[in-house]
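J.: Sending over upload.txt (compact mmCIF, C-alpha atoms and all ligand atoms).
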# COMPACT_ATOMS: atom_id res chain seq x y z
CA MET E 698 0.00 0.00 0.00
CA ASN E 699 1.24 3.44 -0.91
CA ILE E 700 -0.40 6.68 0.27
CA ILE E 701 0.03 9.97 -1.55
CA ASP E 702 -1.04 13.24 0.01
CA ARG E 703 -3.20 15.68 -2.01
CA PRO E 704 -2.67 14.09 -5.44
CA ALA E 705 -3.45 16.03 -8.61
CA LEU E 706 -6.19 14.08 -10.37
CA ALA E 707 -5.93 15.57 -13.89
CA PRO E 708 -2.89 13.43 -14.85
CA LEU E 709 -4.76 10.31 -13.67
CA THR E 710 -7.60 10.84 -16.17
CA THR E 711 -7.71 10.65 -19.96
CA LEU E 712 -9.61 13.96 -20.17
CA GLY E 713 -6.81 15.60 -18.20
CA ILE E 714 -8.88 17.96 -16.04
CA GLY E 715 -9.77 18.19 -12.36
CA GLY E 716 -8.37 19.33 -9.01
CA ARG E 717 -6.80 17.56 -6.05
CA ALA E 718 -8.12 14.87 -3.73
CA LEU E 719 -7.34 14.59 -0.01
CA ALA E 720 -5.25 11.47 -0.60
CA GLU E 721 -4.61 8.64 -3.03
CA ILE E 722 -4.27 5.12 -1.64
CA ARG E 723 -2.59 2.71 -4.08
CA LEU E 724 -3.32 -0.94 -3.47
CA ASP E 725 -1.14 -3.58 -5.14
CA ASN E 726 -2.13 -6.78 -3.33
CA PRO E 727 -5.49 -7.99 -2.00
CA GLU E 728 -3.80 -8.23 1.45
CA ASP E 729 -3.59 -4.41 1.38
CA CYS E 730 -7.38 -4.43 1.93
CA LEU E 731 -6.79 -5.49 5.55
CA ARG E 732 -5.14 -2.14 6.29
CA LEU E 733 -7.64 -0.15 4.26
CA PRO E 734 -10.16 0.82 7.01
CA GLU E 735 -7.34 2.30 9.10
CA ALA E 736 -5.79 4.11 6.12
CA LEU E 737 -9.16 5.54 5.09
CA ALA E 738 -9.89 6.79 8.59
CA ALA E 739 -6.54 8.60 8.60
CA ALA E 740 -7.01 10.06 5.10
CA GLY E 741 -10.54 11.37 5.75
CA GLY E 742 -13.31 12.45 3.38
CA PHE E 743 -15.52 10.13 1.39
CA VAL E 744 -14.25 7.46 -1.01
CA ARG E 745 -13.89 7.37 -4.79
CA VAL E 746 -12.49 4.33 -6.62
CA LEU E 747 -10.27 5.05 -9.61
CA GLY E 748 -9.60 2.71 -12.51
CA GLY E 749 -7.86 4.02 -15.61
CA GLY E 750 -9.64 7.39 -15.31
CA SER E 751 -11.06 7.07 -18.83
CA ASN E 752 -14.68 7.73 -17.95
CA LEU E 753 -14.34 10.54 -15.47
CA LEU E 754 -15.20 14.21 -15.27
CA VAL E 755 -13.41 15.48 -12.17
CA HIS E 756 -14.34 18.88 -10.73
CA ASP E 757 -11.80 21.68 -10.34
CA GLY E 758 -10.25 22.74 -7.02
CA ASP E 759 -9.78 20.94 -3.71
CA LEU E 760 -12.04 17.93 -3.48
CA PRO E 761 -13.12 16.36 -0.16
CA PHE E 762 -12.53 12.70 -1.00
CA THR E 763 -9.84 10.05 -0.90
CA VAL E 764 -9.11 8.13 -4.08
CA LEU E 765 -8.59 4.37 -3.92
CA ARG E 766 -6.42 3.14 -6.71
CA PRO E 767 -6.74 -0.64 -7.04
CA LEU E 768 -3.75 -1.82 -9.05
CA PHE E 769 -4.33 -5.53 -8.39
CA GLY E 770 -2.98 -7.56 -11.29
CA ALA E 771 -1.49 -4.52 -13.00
CA LYS E 772 2.11 -5.71 -12.60
CA GLY E 773 3.77 -9.04 -11.84
CA PRO E 774 6.66 -9.52 -9.37
CA ASP E 775 9.12 -8.67 -12.18
CA GLY E 776 7.46 -5.28 -12.71
CA ARG E 777 6.09 -6.28 -16.12
CA PRO E 778 2.32 -6.36 -16.85
CA ALA E 779 0.82 -9.36 -15.03
CA GLU E 780 -1.02 -12.14 -16.84
CA PRO E 781 -4.46 -13.48 -15.97
CA ASP E 782 -4.69 -16.92 -14.34
CA ILE E 783 -6.31 -19.71 -16.34
CA LEU E 784 -8.66 -21.49 -13.92
CA GLY E 785 -10.12 -24.23 -16.13
CA GLU E 786 -12.74 -24.87 -18.79
CA GLU E 787 -16.51 -25.19 -18.96
CA ASP E 788 -19.05 -26.18 -21.61
CA GLY E 789 -21.22 -23.42 -23.01
CA PRO E 790 -24.06 -23.39 -25.57
CA ASP E 791 -21.51 -22.07 -28.09
CA GLY E 792 -18.71 -24.59 -27.37
CA ARG E 793 -15.84 -24.87 -24.89
CA ARG E 794 -15.17 -21.89 -22.72
CA VAL E 795 -12.09 -20.98 -20.71
CA LEU E 796 -12.33 -19.46 -17.24
CA ILE E 797 -9.74 -16.81 -16.46
CA ARG E 798 -9.18 -14.61 -13.43
CA ALA E 799 -7.60 -11.16 -13.71
CA GLY E 800 -6.95 -8.38 -11.21
CA SER E 801 -9.16 -5.29 -11.46
CA GLY E 802 -6.07 -3.14 -12.03
CA MET E 803 -5.16 -4.90 -15.25
CA ARG E 804 -5.25 -2.58 -18.24
CA VAL E 805 -7.97 -3.52 -20.73
CA PRO E 806 -5.66 -3.25 -23.79
CA HIS E 807 -3.21 -5.66 -22.11
CA LEU E 808 -6.01 -8.13 -21.32
CA LEU E 809 -7.26 -7.93 -24.91
CA ALA E 810 -3.79 -8.57 -26.34
CA TRP E 811 -3.48 -11.59 -24.03
CA CYS E 812 -6.88 -12.92 -25.23
CA ALA E 813 -5.99 -12.36 -28.90
CA ALA E 814 -2.74 -14.32 -28.50
CA ARG E 815 -4.74 -17.29 -27.09
CA ASP E 816 -7.78 -17.08 -29.39
CA LEU E 817 -10.11 -16.41 -26.47
CA ALA E 818 -13.24 -14.57 -27.59
CA GLY E 819 -15.73 -12.30 -25.84
CA LEU E 820 -13.97 -9.01 -25.19
CA GLU E 821 -13.28 -7.94 -28.82
CA GLY E 822 -15.76 -5.04 -28.54
CA LEU E 823 -13.61 -3.44 -25.86
CA VAL E 824 -10.82 -2.70 -28.31
CA GLY E 825 -9.78 0.95 -27.97
CA VAL E 826 -11.14 1.19 -24.40
CA PRO E 827 -8.23 2.64 -22.44
CA GLY E 828 -9.38 1.78 -18.88
CA ARG E 829 -8.66 -0.97 -16.38
CA LEU E 830 -10.67 -4.14 -15.84
CA GLY E 831 -12.32 -2.83 -12.62
CA GLY E 832 -13.57 0.20 -14.56
CA ALA E 833 -14.88 -1.99 -17.39
CA VAL E 834 -16.85 -3.99 -14.80
CA ALA E 835 -18.16 -0.88 -13.01
CA MET E 836 -19.32 0.67 -16.29
CA ASN E 837 -20.38 -2.65 -17.87
CA ALA E 838 -18.27 -1.30 -20.73
CA GLY E 839 -18.81 -2.56 -24.24
CA ALA E 840 -19.32 -1.84 -27.90
CA TYR E 841 -20.04 -3.69 -31.14
CA GLY E 842 -22.43 -6.14 -29.49
CA CYS E 843 -20.19 -7.01 -26.54
CA SER E 844 -20.39 -5.96 -22.91
CA THR E 845 -18.43 -6.99 -19.85
CA ALA E 846 -21.05 -8.25 -17.38
CA PRO E 847 -22.41 -11.25 -19.36
CA LEU E 848 -18.89 -12.73 -19.39
CA MET E 849 -18.43 -12.49 -15.62
CA ARG E 850 -18.71 -15.63 -13.50
CA SER E 851 -17.53 -14.22 -10.16
CA LEU E 852 -16.22 -11.03 -8.63
CA ASP E 853 -13.98 -10.48 -5.62
CA VAL E 854 -14.91 -7.19 -4.00
CA PHE E 855 -14.07 -5.11 -0.97
CA THR E 856 -16.86 -3.20 0.78
CA PRO E 857 -16.58 -1.18 4.00
CA GLU E 858 -19.44 -3.28 5.45
CA LYS E 859 -18.16 -6.80 4.67
CA GLY E 860 -14.49 -6.42 3.75
CA LEU E 861 -13.11 -8.71 1.06
CA HIS E 862 -15.59 -11.31 -0.25
CA THR E 863 -16.59 -13.14 -3.42
CA LEU E 864 -19.80 -12.67 -5.36
CA SER E 865 -21.48 -14.93 -7.90
CA PRO E 866 -23.72 -13.47 -10.64
CA GLU E 867 -26.74 -13.33 -8.29
CA GLY E 868 -24.73 -10.79 -6.28
CA TRP E 869 -24.81 -8.03 -8.93
CA LYS E 870 -27.16 -6.23 -11.29
CA ALA E 871 -26.03 -5.11 -14.74
CA ALA E 872 -27.68 -3.18 -17.55
CA TYR E 873 -26.57 -0.86 -20.35
CA ARG E 874 -23.55 1.02 -18.89
CA HIS E 875 -24.72 0.12 -15.40
CA PHE E 876 -23.37 -2.23 -12.75
CA SER E 877 -24.19 -2.38 -9.03
CA LEU E 878 -24.05 -4.84 -6.16
CA VAL E 879 -27.28 -6.33 -4.83
CA GLU E 880 -26.07 -6.12 -1.21
CA PRO E 881 -26.34 -2.71 0.43
CA CYS E 882 -22.95 -0.97 0.64
CA ALA E 883 -21.68 2.60 0.84
CA TRP E 884 -19.23 1.80 -1.99
CA TYR E 885 -17.42 -1.19 -3.41
CA MET E 886 -14.03 -1.82 -4.94
CA SER E 887 -13.55 -4.71 -7.40
CA VAL E 888 -10.41 -6.70 -6.65
CA SER E 889 -10.45 -9.47 -9.23
CA VAL E 890 -12.82 -10.84 -11.82
CA THR E 891 -13.44 -14.32 -13.24
CA LEU E 892 -14.45 -14.24 -16.89
CA SER E 893 -15.70 -17.01 -19.17
CA LEU E 894 -14.26 -16.69 -22.69
CA ARG E 895 -15.06 -18.77 -25.76
CA ARG E 896 -12.39 -20.78 -27.56
CA ALA E 897 -12.34 -19.35 -31.08
CA LYS E 898 -10.70 -20.26 -34.40
CA PRO E 899 -6.99 -19.35 -34.58
CA GLY E 900 -6.53 -15.72 -35.59
CA SER E 901 -10.25 -14.87 -35.51
CA VAL E 902 -10.14 -12.89 -32.24
CA ARG E 903 -7.23 -10.76 -33.44
CA ALA E 904 -9.01 -10.17 -36.78
CA ALA E 905 -12.25 -9.11 -35.01
CA MET E 906 -10.31 -6.71 -32.77
CA LYS E 907 -8.57 -5.19 -35.78
CA GLU E 908 -11.87 -4.72 -37.59
CA ASN E 909 -13.48 -3.13 -34.50
CA PHE E 910 -10.53 -0.82 -33.98
CA LEU E 911 -10.59 0.39 -37.60
CA ARG E 912 -14.33 1.01 -37.24
CA LYS E 913 -13.79 2.92 -34.00
CA LYS E 914 -10.91 4.96 -35.41
CA SER E 915 -12.92 5.98 -38.48
CA GLY E 916 -15.80 7.42 -36.42
CA GLN E 917 -14.41 8.45 -33.03
CA PRO E 918 -11.67 10.90 -31.98
CA VAL E 919 -9.48 8.18 -30.45
CA HIS E 920 -6.37 10.38 -30.48
CA GLU E 921 -7.96 13.33 -28.64
CA HIS E 922 -8.03 13.68 -24.83
CA THR E 923 -11.59 12.58 -24.06
CA ALA E 924 -13.49 10.48 -21.51
CA GLY E 925 -15.27 8.44 -24.17
CA CYS E 926 -18.96 9.14 -24.81
CA VAL E 927 -20.30 11.92 -22.61
CA PHE E 928 -23.94 10.81 -22.79
CA GLN E 929 -25.65 7.43 -22.87
CA ASN E 930 -27.54 6.63 -26.03
CA PRO E 931 -31.27 7.14 -25.35
CA GLU E 932 -33.32 3.99 -26.09
CA GLY E 933 -33.26 3.37 -29.87
CA GLN E 934 -31.38 6.62 -30.62
CA SER E 935 -27.81 7.81 -31.00
CA ALA E 936 -26.77 10.61 -28.61
CA GLY E 937 -24.10 11.65 -31.13
CA ARG E 938 -26.68 12.16 -33.89
CA LEU E 939 -29.01 14.14 -31.62
CA LEU E 940 -26.12 16.36 -30.50
CA ASP E 941 -25.00 16.86 -34.08
CA ALA E 942 -28.52 17.83 -35.21
CA ALA E 943 -28.77 20.21 -32.23
CA GLY E 944 -25.65 22.02 -33.47
CA MET E 945 -23.21 20.90 -30.78
CA LYS E 946 -20.50 19.43 -33.03
CA GLY E 947 -17.33 21.53 -32.65
CA ARG E 948 -18.90 23.81 -29.96
CA ARG E 949 -16.11 25.15 -27.73
CA ARG E 950 -15.54 26.93 -24.42
CA GLY E 951 -12.01 27.57 -23.19
CA ALA E 952 -9.94 24.46 -23.83
CA MET E 953 -12.98 22.15 -23.93
CA PHE E 954 -14.88 21.30 -27.10
CA PHE E 955 -17.32 18.81 -28.59
CA SER E 956 -15.38 16.86 -31.19
CA PRO E 957 -16.05 17.89 -34.81
CA MET E 958 -15.67 14.17 -35.61
CA HIS E 959 -18.27 12.80 -33.16
CA ALA E 960 -20.46 15.16 -31.15
CA ASN E 961 -20.82 12.76 -28.19
CA PHE E 962 -17.11 13.12 -27.35
CA LEU E 963 -16.12 16.11 -25.25
CA ALA E 964 -12.41 16.77 -25.73
CA HIS E 965 -9.66 18.77 -24.04
CA ASP E 966 -7.38 20.81 -26.28
CA MET E 967 -4.15 20.57 -24.31
CA LYS E 968 -2.17 22.70 -26.73
CA CYS E 969 -4.33 25.84 -26.88
CA GLY E 970 -2.55 27.56 -23.98
CA VAL E 971 -5.74 27.85 -21.89
CA PRO E 972 -6.07 25.50 -18.88
CA GLY E 973 -8.73 22.81 -19.26
CA LEU E 974 -11.47 23.42 -16.71
CA CYS E 975 -14.27 21.19 -15.54
CA GLU E 976 -16.35 24.35 -15.22
CA ASP E 977 -16.11 24.80 -19.02
CA ALA E 978 -16.87 21.12 -19.63
CA LEU E 979 -19.99 21.35 -17.45
CA PHE E 980 -21.11 24.53 -19.21
CA LEU E 981 -20.96 22.72 -22.56
CA ILE E 982 -22.67 19.63 -21.15
CA ARG E 983 -25.60 21.68 -19.77
CA GLU E 984 -25.83 23.60 -23.07
CA ALA E 985 -25.92 20.31 -25.02
CA GLN E 986 -28.60 18.85 -22.74
CA ARG E 987 -30.72 22.01 -23.14
CA ALA E 988 -30.29 22.08 -26.94
CA VAL E 989 -31.33 18.41 -27.33
CA ARG E 990 -34.23 18.83 -24.89
CA GLU E 991 -35.56 21.88 -26.76
CA LYS E 992 -35.16 20.38 -30.25
CA PHE E 993 -36.16 16.75 -29.61
CA GLY E 994 -37.73 16.62 -26.13
CA VAL E 995 -35.09 14.04 -25.16
CA GLU E 996 -33.28 14.17 -21.81
CA LEU E 997 -29.65 13.14 -22.31
CA VAL E 998 -28.21 11.25 -19.33
CA MET E 999 -24.49 11.48 -18.64
CA GLU E 1000 -22.43 8.33 -19.19
CA VAL E 1001 -19.22 9.86 -17.78
CA LYS E 1002 -19.02 9.82 -14.00
CA GLU E 1003 -18.85 13.24 -12.42
CA TRP E 1004 -16.60 13.47 -9.35
CA SER E 1005 -17.65 16.57 -7.44
CA SER E 1006 -17.53 17.69 -3.80
CA CYS E 1007 -20.78 15.84 -3.21
CA PRO E 1008 -20.64 12.18 -2.06
CA CYS E 1009 -23.94 11.56 -3.92
C1 LIG E 1101 -10.97 6.92 -26.34
C2 LIG E 1101 -12.01 6.26 -25.47
C3 LIG E 1101 -12.81 5.26 -26.00
C4 LIG E 1101 -13.80 4.66 -25.22
N1 LIG E 1101 -14.59 3.70 -25.77
C5 LIG E 1101 -15.52 3.08 -25.01
C6 LIG E 1101 -16.33 2.04 -25.57
O1 LIG E 1101 -16.22 1.67 -26.72
N2 LIG E 1101 -17.24 1.45 -24.75
C7 LIG E 1101 -17.39 1.81 -23.45
O2 LIG E 1101 -18.22 1.22 -22.74
N3 LIG E 1101 -16.64 2.79 -22.90
C8 LIG E 1101 -15.71 3.43 -23.64
N4 LIG E 1101 -14.93 4.43 -23.09
C9 LIG E 1101 -15.17 4.86 -21.70
C10 LIG E 1101 -14.26 4.14 -20.67
O3 LIG E 1101 -13.03 3.77 -21.23
C11 LIG E 1101 -14.95 2.90 -20.09
O4 LIG E 1101 -16.12 3.25 -19.41
C12 LIG E 1101 -14.00 2.16 -19.13
O5 LIG E 1101 -14.53 0.91 -18.84
C13 LIG E 1101 -13.75 2.92 -17.85
O6 LIG E 1101 -12.72 2.23 -17.16
P1 LIG E 1101 -11.67 2.97 -16.23
O7 LIG E 1101 -10.83 1.91 -15.62
O8 LIG E 1101 -10.98 4.03 -16.96
O9 LIG E 1101 -12.66 3.55 -15.12
P2 LIG E 1101 -12.63 5.00 -14.46
O10 LIG E 1101 -12.87 6.02 -15.49
O11 LIG E 1101 -11.44 5.15 -13.60
O12 LIG E 1101 -13.94 4.90 -13.53
C14 LIG E 1101 -15.22 4.78 -14.08
C15 LIG E 1101 -16.18 4.31 -13.00
O13 LIG E 1101 -15.79 3.00 -12.58
C16 LIG E 1101 -15.54 2.98 -11.17
N5 LIG E 1101 -14.42 2.04 -10.94
C17 LIG E 1101 -13.23 2.00 -11.57
N6 LIG E 1101 -12.50 0.96 -11.11
C18 LIG E 1101 -13.23 0.37 -10.15
C19 LIG E 1101 -13.01 -0.73 -9.28
N7 LIG E 1101 -11.88 -1.48 -9.29
N8 LIG E 1101 -14.00 -1.07 -8.40
C20 LIG E 1101 -15.16 -0.37 -8.35
N9 LIG E 1101 -15.43 0.69 -9.15
C21 LIG E 1101 -14.46 1.06 -10.03
C22 LIG E 1101 -15.19 4.42 -10.81
O14 LIG E 1101 -15.41 4.67 -9.43
C23 LIG E 1101 -16.12 5.19 -11.74
O15 LIG E 1101 -17.42 5.24 -11.18
C24 LIG E 1101 -13.95 5.06 -23.87
C25 LIG E 1101 -13.13 6.06 -23.33
C26 LIG E 1101 -12.16 6.65 -24.12
C27 LIG E 1101 -11.29 7.72 -23.52
Could the structure of this file be written out as structure tokens, please?
Ligand SMILES: Cc1cc2nc3c(=O)[nH]c(=O)nc-3n(C[C@H](O)[C@H](O)[C@H](O)COP(=O)(O)OP(=O)(O)OC[C@H]3O[C@@H](n4cnc5c(N)ncnc54)[C@H](O)[C@@H]3O)c2cc1C
T.:
Amino acid sequence: MNIIDRPALAPLTTLGIGGRALAEIRLDNPEDCLRLPEALAAAGGFVRVLGGGSNLLVHDGDLPFTVLRPLFGAKGPDGRPAEPDILGEEDGPDGRRVLIRAGSGMRVPHLLAWCAARDLAGLEGLVGVPGRLGGAVAMNAGAYGCSTAPLMRSLDVFTPEKGLHTLSPEGWKAAYRHFSLVEPCAWYMSVSVTLSLRRAKPGSVRAAMKENFLRKKSGQPVHEHTAGCVFQNPEGQSAGRLLDAAGMKGRRRGAMFFSPMHANFLAHDMKCGVPGLCEDALFLIREAQRAVREKFGVELVMEVKEWSSCPC
């Protein structure tokens, strides 16, 4: 366990904005969870759990929370990226499946490369998602017909109420970009995840990932500093198309702008000489919600998680 006082959060997010937390607690091993209650009491404030920071909108200024940074399974003893454990096999309706367990701190691109090298299918839609596995679980991340939750067989979590324990699928609820525990808890931190992946034809997983990445790259600003899609797609509609039709594409305030390539991506221009502010991002977000409401009567719901001074 490593504790950092008053960390700057902007460098820990892909959008690159936000102020400072009270403390950052880095956890490398599940055993670190034993010391967590004491460390949290000393750090103060409420708790936020950070993955790869690729779906976050962090407020400016001094923020009254402590950030937990679960890095379980991020690195092996030699300092190189760790590998998932292969637990065994099971029969599925679509053929043999392989059960793997990975730490929640494992980077999604690393996990995908590992799957591609072993022809293990299921996560190909997550290509281009820059987060960590714990974040992919918490967001039920997905694209191109894939999402994380249906592949999960068990989840090791830490909660302040029950400490470290293991959940089976009855222990969580998942929906489009939503994941929560059934048991009541103030917050939870994923520690490791067991996934069931399908054995696929040699080379087919890598080919599917390549195809998905080319598709993503042709329609999304993957090289800009963004937090992915700002808004969830309303049922049967595309948030990007609604925002485009409401005139939000390219709209700018300070260093923040809606991408001219895809209006559902709010980006941070890090080279314009003006500091990126969450205040500007929120101004644009409210403007976009108002424009879409007035033109189409549709209420856009944020997909990115806002980390403000409020524990709500
Ligand atoms: C270029 C780009 C492309 C993207 N493409 C997609 C896409 O195709 N599909 C998609 O679904 N998303 C996409 N995203 C959004 C984002 O990458 C995903 O939501 C991702 O899963 C978030 O993971 P993270 O580790 O970065 O989580 P963070 O951003 O760090 O956190 C997101 C949420 O997860 C919680 N969380 C993180 N780790 C844990 C943990 N261990 N335990 C409990 N809670 C935790 C946080 O508290 C927060 O509420 C994209 C983002 C970018 C920047």
J.: Give me, as JSON lines, the closest atom pair and its distance (Å, one decimal) for every residue of stretch 844-921 of chain E within a cut-off of 10 Å of stretch 788-806 of chain E, counting only C-alpha atoms, rows sorted by chain and rising number.
T.:
{"residue": "E:Leu848", "atom": "CA", "partner": "E:Leu796", "partner_atom": "CA", "distance": 9.6}
{"residue": "E:Met849", "atom": "CA", "partner": "E:Leu796", "partner_atom": "CA", "distance": 9.4}
{"residue": "E:Arg850", "atom": "CA", "partner": "E:Leu796", "partner_atom": "CA", "distance": 8.3}
{"residue": "E:Ser851", "atom": "CA", "partner": "E:Arg798", "partner_atom": "CA", "distance": 9.0}
{"residue": "E:Leu852", "atom": "CA", "partner": "E:Arg798", "partner_atom": "CA", "distance": 9.2}
{"residue": "E:Asp853", "atom": "CA", "partner": "E:Ser801", "partner_atom": "CA", "distance": 9.2}
{"residue": "E:Val854", "atom": "CA", "partner": "E:Ser801", "partner_atom": "CA", "distance": 9.6}
{"residue": "E:Met886", "atom": "CA", "partner": "E:Ser801", "partner_atom": "CA", "distance": 8.8}
{"residue": "E:Ser887", "atom": "CA", "partner": "E:Ser801", "partner_atom": "CA", "distance": 6.0}
{"residue": "E:Val888", "atom": "CA", "partner": "E:Ser801", "partner_atom": "CA", "distance": 5.2}
{"residue": "E:Ser889", "atom": "CA", "partner": "E:Gly800", "partner_atom": "CA", "distance": 4.2}
{"residue": "E:Val890", "atom": "CA", "partner": "E:Arg798", "partner_atom": "CA", "distance": 5.5}
{"residue": "E:Thr891", "atom": "CA", "partner": "E:Arg798", "partner_atom": "CA", "distance": 4.3}
{"residue": "E:Leu892", "atom": "CA", "partner": "E:Ile797", "partner_atom": "CA", "distance": 5.4}
{"residue": "E:Ser893", "atom": "CA", "partner": "E:Leu796", "partner_atom": "CA", "distance": 4.6}
{"residue": "E:Leu894", "atom": "CA", "partner": "E:Val795", "partner_atom": "CA", "distance": 5.2}
{"residue": "E:Arg895", "atom": "CA", "partner": "E:Arg794", "partner_atom": "CA", "distance": 4.4}
{"residue": "E:Arg896", "atom": "CA", "partner": "E:Arg794", "partner_atom": "CA", "distance": 5.7}
{"residue": "E:Ala897", "atom": "CA", "partner": "E:Arg793", "partner_atom": "CA", "distance": 9.0}
J.: Taking 3 positions as the minimum chain separation for residues in the same chain, which residues sit within 9 Å of E:Pro881 when counting all atoms listed in the file? Answer as a ChimeraX atom specification.
T.: /E:858,878,884
J.: Excluding E:Arg745 and any residue of its chain fewer than 5 positions from it, enumerate the residues within 12 Å of it, using all atoms listed in the file, and give them as an MDAnalysis selection string.
T.: chainID E and resid 706 718:722 737 750 753 755 760:767 883:886 1002:1009
J.: Using all atoms listed in the file, which protein or nucleic acid residues are at most 7 Å from ligand LIG 1101 (chain E), as a ChimeraX atom specification?
T.: /E:711,745-753,767,801-802,822-823,825-840,874,885-888,918-919,922-926,1002
J.: Which residues of stretch 744-780 of chain E have any atom within 10 Å of an atom in stretch 807-820 of chain E when counting only C-alpha atoms, and what is the closest pair of atoms for each, with the distance in Å to one decimal? Order the rows by chain and rising number and write it as CSV.
T.:
residue,atom,partner,partner_atom,distance
E:Ala771,CA,E:His807,CA,9.3
E:Pro778,CA,E:His807,CA,7.7
E:Ala779,CA,E:His807,CA,8.9
E:Glu780,CA,E:Trp811,CA,7.6
J.: Go ahead and fit an axis-aligned box to every listed atom of stretch 984-1001 of chain E plus 8 Å each side, and pass me the centre and edge lengths in Å, one decimal, as AutoDock Vina command-line options.
T.:
--center_x -28.5 --center_y 16.0 --center_z -24.0 --size_x 34.5 --size_y 31.3 --size_z 28.5
J.: Determine the nearest neighbour of E:Gly758 from the options E:Leu939, E:Ala964, E:Ala707, E:Ile783, counting only C-alpha atoms.
T.: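 Of E:Leu939, E:Ala964, E:Ala707, E:Ile783, the one nearest E:Gly758, counting only C-alpha atoms, is E:Ala707.
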J.: Would you please work out which residue, of E:Gly742, E:Pro957, E:Gly773, E:Gly951, is nearest to E:Glu921 when using all atoms listed in the file?
T.: E:Pro957
J.: Please, can stretch 876-888 of chain E be completed to N, CA, C and O atoms and returned as a PDB file, in the frame of the given file?
T.:
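What ended up in part.pdb:
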ATOM      1  N   PHE E 876     -23.739  -1.051 -13.535  1.00  0.00           N
ATOM      2  CA  PHE E 876     -23.370  -2.230 -12.750  1.00  0.00           C
ATOM      3  C   PHE E 876     -23.470  -1.834 -11.276  1.00  0.00           C
ATOM      4  O   PHE E 876     -22.998  -0.765 -10.886  1.00  0.00           O
ATOM      5  N   SER E 877     -24.134  -2.665 -10.476  1.00  0.00           N
ATOM      6  CA  SER E 877     -24.190  -2.380  -9.030  1.00  0.00           C
ATOM      7  C   SER E 877     -24.290  -3.691  -8.274  1.00  0.00           C
ATOM      8  O   SER E 877     -24.674  -4.724  -8.842  1.00  0.00           O
ATOM      9  N   LEU E 878     -23.935  -3.651  -7.008  1.00  0.00           N
ATOM     10  CA  LEU E 878     -24.050  -4.840  -6.160  1.00  0.00           C
ATOM     11  C   LEU E 878     -25.467  -4.925  -5.610  1.00  0.00           C
ATOM     12  O   LEU E 878     -26.102  -3.896  -5.366  1.00  0.00           O
ATOM     13  N   VAL E 879     -25.940  -6.148  -5.411  1.00  0.00           N
ATOM     14  CA  VAL E 879     -27.280  -6.330  -4.830  1.00  0.00           C
ATOM     15  C   VAL E 879     -27.231  -5.972  -3.348  1.00  0.00           C
ATOM     16  O   VAL E 879     -28.136  -5.325  -2.821  1.00  0.00           O
ATOM     17  N   GLU E 880     -26.155  -6.376  -2.657  1.00  0.00           N
ATOM     18  CA  GLU E 880     -26.070  -6.120  -1.210  1.00  0.00           C
ATOM     19  C   GLU E 880     -25.920  -4.621  -0.951  1.00  0.00           C
ATOM     20  O   GLU E 880     -25.282  -3.910  -1.746  1.00  0.00           O
ATOM     21  N   PRO E 881     -26.497  -4.127   0.141  1.00  0.00           N
ATOM     22  CA  PRO E 881     -26.340  -2.710   0.430  1.00  0.00           C
ATOM     23  C   PRO E 881     -24.889  -2.406   0.835  1.00  0.00           C
ATOM     24  O   PRO E 881     -24.304  -3.146   1.616  1.00  0.00           O
ATOM     25  N   CYS E 882     -24.315  -1.371   0.257  1.00  0.00           N
ATOM     26  CA  CYS E 882     -22.950  -0.970   0.640  1.00  0.00           C
ATOM     27  C   CYS E 882     -22.775   0.502   0.299  1.00  0.00           C
ATOM     28  O   CYS E 882     -23.388   1.006  -0.645  1.00  0.00           O
ATOM     29  N   ALA E 883     -21.935   1.176   1.089  1.00  0.00           N
ATOM     30  CA  ALA E 883     -21.680   2.600   0.840  1.00  0.00           C
ATOM     31  C   ALA E 883     -20.924   2.759  -0.476  1.00  0.00           C
ATOM     32  O   ALA E 883     -21.143   3.697  -1.226  1.00  0.00           O
ATOM     33  N   TRP E 884     -19.993   1.829  -0.750  1.00  0.00           N
ATOM     34  CA  TRP E 884     -19.230   1.800  -1.990  1.00  0.00           C
ATOM     35  C   TRP E 884     -18.602   0.422  -2.098  1.00  0.00           C
ATOM     36  O   TRP E 884     -18.589  -0.337  -1.121  1.00  0.00           O
ATOM     37  N   TYR E 885     -18.121   0.083  -3.263  1.00  0.00           N
ATOM     38  CA  TYR E 885     -17.420  -1.190  -3.410  1.00  0.00           C
ATOM     39  C   TYR E 885     -16.187  -0.968  -4.267  1.00  0.00           C
ATOM     40  O   TYR E 885     -16.131  -0.022  -5.068  1.00  0.00           O
ATOM     41  N   MET E 886     -15.224  -1.853  -4.094  1.00  0.00           N
ATOM     42  CA  MET E 886     -14.030  -1.820  -4.940  1.00  0.00           C
ATOM     43  C   MET E 886     -13.820  -3.247  -5.484  1.00  0.00           C
ATOM     44  O   MET E 886     -13.651  -4.192  -4.696  1.00  0.00           O
ATOM     45  N   SER E 887     -13.834  -3.397  -6.802  1.00  0.00           N
ATOM     46  CA  SER E 887     -13.550  -4.710  -7.400  1.00  0.00           C
ATOM     47  C   SER E 887     -12.081  -5.024  -7.195  1.00  0.00           C
ATOM     48  O   SER E 887     -11.222  -4.139  -7.354  1.00  0.00           O
ATOM     49  N   VAL E 888     -11.790  -6.274  -6.893  1.00  0.00           N
ATOM     50  CA  VAL E 888     -10.410  -6.700  -6.650  1.00  0.00           C
ATOM     51  C   VAL E 888      -9.949  -7.632  -7.771  1.00  0.00           C
ATOM     52  O   VAL E 888      -8.884  -7.454  -8.342  1.00  0.00           O
TER      53      VAL E 888
END
